[in-house]
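Engineer: Could you have a look at this structure, given as structure tokens, before my questions?
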Amino acid sequence: MGEMHVLDKKGDTKIVWDREVAAEVEAARTTFDTLKKKGFYGYSVKKTGEKKDLITAFDPSAEKLIMAPMMKGG
Amino acid sequence: MPYAYTDGGTGTVWSVWSDTTNAVTADSVWGYWVDCGTSSGTCGASANLPSVRPAPMTEEERERAEQLRVEREQKRKQKEKDIQAAKTQAEKLLKSLLTPAQRTHLDDVSSFLVKSESERMFRVRRGSTVEELDEEDKVIARYCIHASWRDALPVADTMLTQKLMLEMNEAEFMKIANRSAA
């Protein structure tokens, strides 16, 4: 199962997908694409937290994706 | 002729306001309005305004006001609960993505260390400040960076984003963050 955590005001919203189920993969991909358009960054990490990659396209084989909002200097 | 704002009086504040035949000026209208006494200063005559108190509330109005007060209080409490729940959720996610050493550091001193893409060492503190450290753990620079909608994002989410940026998107971090010398 892949999982995506979208950081938001509730802490985070979790979206999961079964890599074998096309509809779930597609739904997760759509969410990813929508968030990217809003300026979110996608980070792929291992389930243990170890870093992997900054990603610009949805990867259905990812273990865990963290979608982080746009940042600005304070 | 005295101007008095009373029931059945000889005139009203409005009469004073609109009177242009008795050399009444804007100053004297204010005087009449607040009842500045008799024939002194800019007041041509006294205007005795009754003390205006709001009419007492009806039982129905009292009940409605109480209902609104209770609703506001419930909303406020729910909002506090939501904020606390978000904080807990964000802390849980952050800690799940830290090493044991980072988790301990976070619990002890509210910060953790991160090695960036370029192998530099940073300390991510609670809030929006990230410190760059030298080999002797001395602070050599500070960076301020937070979410665009910062007030809505729990602190732990900001810390997580800072960590991920340093580890995987350092160039963007440096481009965006406001840097200041130590």
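Each chain of the structure tokens is named A, B, ... in the order shown, its residues numbered from 1; ligands are numbered from 1 in display order.
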Give me the residues of chain A that have any atom at most 6 Å from an atom of chain B; for each, the nearest atom pair and the distance in Å, rounded to one decimal. Use only C-alpha atoms, sort by chain and number, and format it as a tab-separated table.
Structural biologist:
```
residue	atom	partner	partner_atom	distance
A:Asp8	CA	B:Leu153	CA	5.9
A:Lys9	CA	B:Leu153	CA	4.7
A:Lys10	CA	B:Ala86	CA	4.4
A:Gly11	CA	B:Ala86	CA	4.4
A:Gly49	CA	B:Leu97	CA	3.8
A:Leu54	CA	B:Met168	CA	5.7
A:Met70	CA	B:Ala147	CA	5.9
A:Met71	CA	B:Ala147	CA	4.2
A:Lys72	CA	B:Ile145	CA	5.5
A:Gly73	CA	B:Ala177	CA	4.3
A:Gly74	CA	B:Cys144	CA	4.9
```
Engineer: Would you save the residues of that selection, restricted to N, CA, C and O atoms, as a CSV table (one decimal), in the first residue's frame?
Structural biologist:
```
chain,number,residue,atom,x,y,z
A,8,ASP,N,-1.5,19.9,6.3
A,8,ASP,CA,-2.6,20.9,6.3
A,8,ASP,C,-2.9,21.4,7.7
A,8,ASP,O,-2.2,20.9,8.7
A,9,LYS,N,-3.9,22.2,7.8
A,9,LYS,CA,-4.2,22.7,9.2
A,9,LYS,C,-4.8,21.7,10.1
A,9,LYS,O,-4.8,21.9,11.3
A,10,LYS,N,-5.1,20.5,9.6
A,10,LYS,CA,-5.6,19.5,10.6
A,10,LYS,C,-4.4,18.6,11.0
A,10,LYS,O,-4.5,17.6,11.7
A,11,GLY,N,-3.2,19.0,10.6
A,11,GLY,CA,-2.0,18.2,10.8
A,11,GLY,C,-1.6,17.6,9.5
A,11,GLY,O,-0.7,18.1,8.8
A,49,GLY,N,11.2,6.8,7.5
A,49,GLY,CA,11.5,8.2,7.5
A,49,GLY,C,12.7,8.6,6.7
A,49,GLY,O,13.0,9.8,6.5
A,54,LEU,N,13.0,14.2,-3.9
A,54,LEU,CA,12.0,15.2,-4.3
A,54,LEU,C,11.4,14.8,-5.6
A,54,LEU,O,12.1,14.4,-6.5
A,70,MET,N,3.7,25.3,-0.1
A,70,MET,CA,4.6,26.3,-0.5
A,70,MET,C,5.1,27.1,0.7
A,70,MET,O,4.4,27.3,1.7
A,71,MET,N,6.4,27.4,0.7
A,71,MET,CA,7.0,28.1,1.9
A,71,MET,C,7.4,29.5,1.4
A,71,MET,O,7.5,29.8,0.2
A,72,LYS,N,7.6,30.4,2.4
A,72,LYS,CA,8.1,31.7,2.1
A,72,LYS,C,9.0,32.2,3.3
A,72,LYS,O,9.0,31.6,4.4
A,73,GLY,N,9.8,33.1,2.9
A,73,GLY,CA,10.8,33.6,3.9
A,73,GLY,C,10.0,34.5,5.0
A,73,GLY,O,9.1,35.2,4.7
A,74,GLY,N,10.5,34.3,6.2
A,74,GLY,CA,9.9,35.1,7.3
A,74,GLY,C,10.7,36.3,7.7
A,74,GLY,O,11.8,36.5,7.2
```
Engineer: Applying 6 Å and only C-alpha atoms, which residues near A:Ser44 remain after dropping the ones on its own chain fewer than 2 positions away? List them as a PyMOL selection string.
Structural biologist: chain A and resi 52-53+64-65
Engineer: Could those selected residues go to a file with C-alpha atoms, as a JSON list (two decimals), in the first residue's frame?
Structural biologist:
```json
[["chain", "number", "residue", "atom", "x", "y", "z"],
["A", 52, "LYS", "CA", 14.56, 9.36, -0.86],
["A", 53, "ASP", "CA", 13.74, 12.02, -3.43],
["A", 64, "LYS", "CA", 5.37, 7.20, 1.52],
["A", 65, "LEU", "CA", 4.88, 10.64, -0.02]]
```
Engineer: Extract, using only C-alpha atoms, all DNA, RNA and protein residues at most 12 Å from stretch 22-34 of chain A, discarding same-chain residues fewer than 5 positions from it, and format them as JSON, numbers by chain.
Structural biologist: {"A": [1, 2, 3, 4, 5, 6, 13, 14, 15, 16, 17, 39, 40, 41, 42, 43, 55, 56, 57, 58, 59, 60, 61, 62, 64, 65, 66, 67, 68]}
Engineer: Could you pull out all residues of chain A with a DSSP call of helix (DSSP H, G or I) and give them as number ranges by chain?
Structural biologist: A: 22-37
Engineer: To one decimal place in Å, what is the distance between atom CA of B:Pro100 and atom CA of B:Asp137?
Structural biologist: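 It comes out at 19.8 Å.
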Engineer: Go ahead and compute the interatomic distance for atom CA of B:Lys138 and atom CA of B:Arg126, in Å to one decimal.
Structural biologist: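 Calculated distance between atom CA of B:Lys138 and atom CA of B:Arg126 is 18.3 Å.
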Engineer: In Å, rounded to a single decimal, give me how far atom CA of B:Met159 is from atom CA of B:His105.
Structural biologist: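 Calculated distance between atom CA of B:His105 and atom CA of B:Met159 is 13.4 Å.
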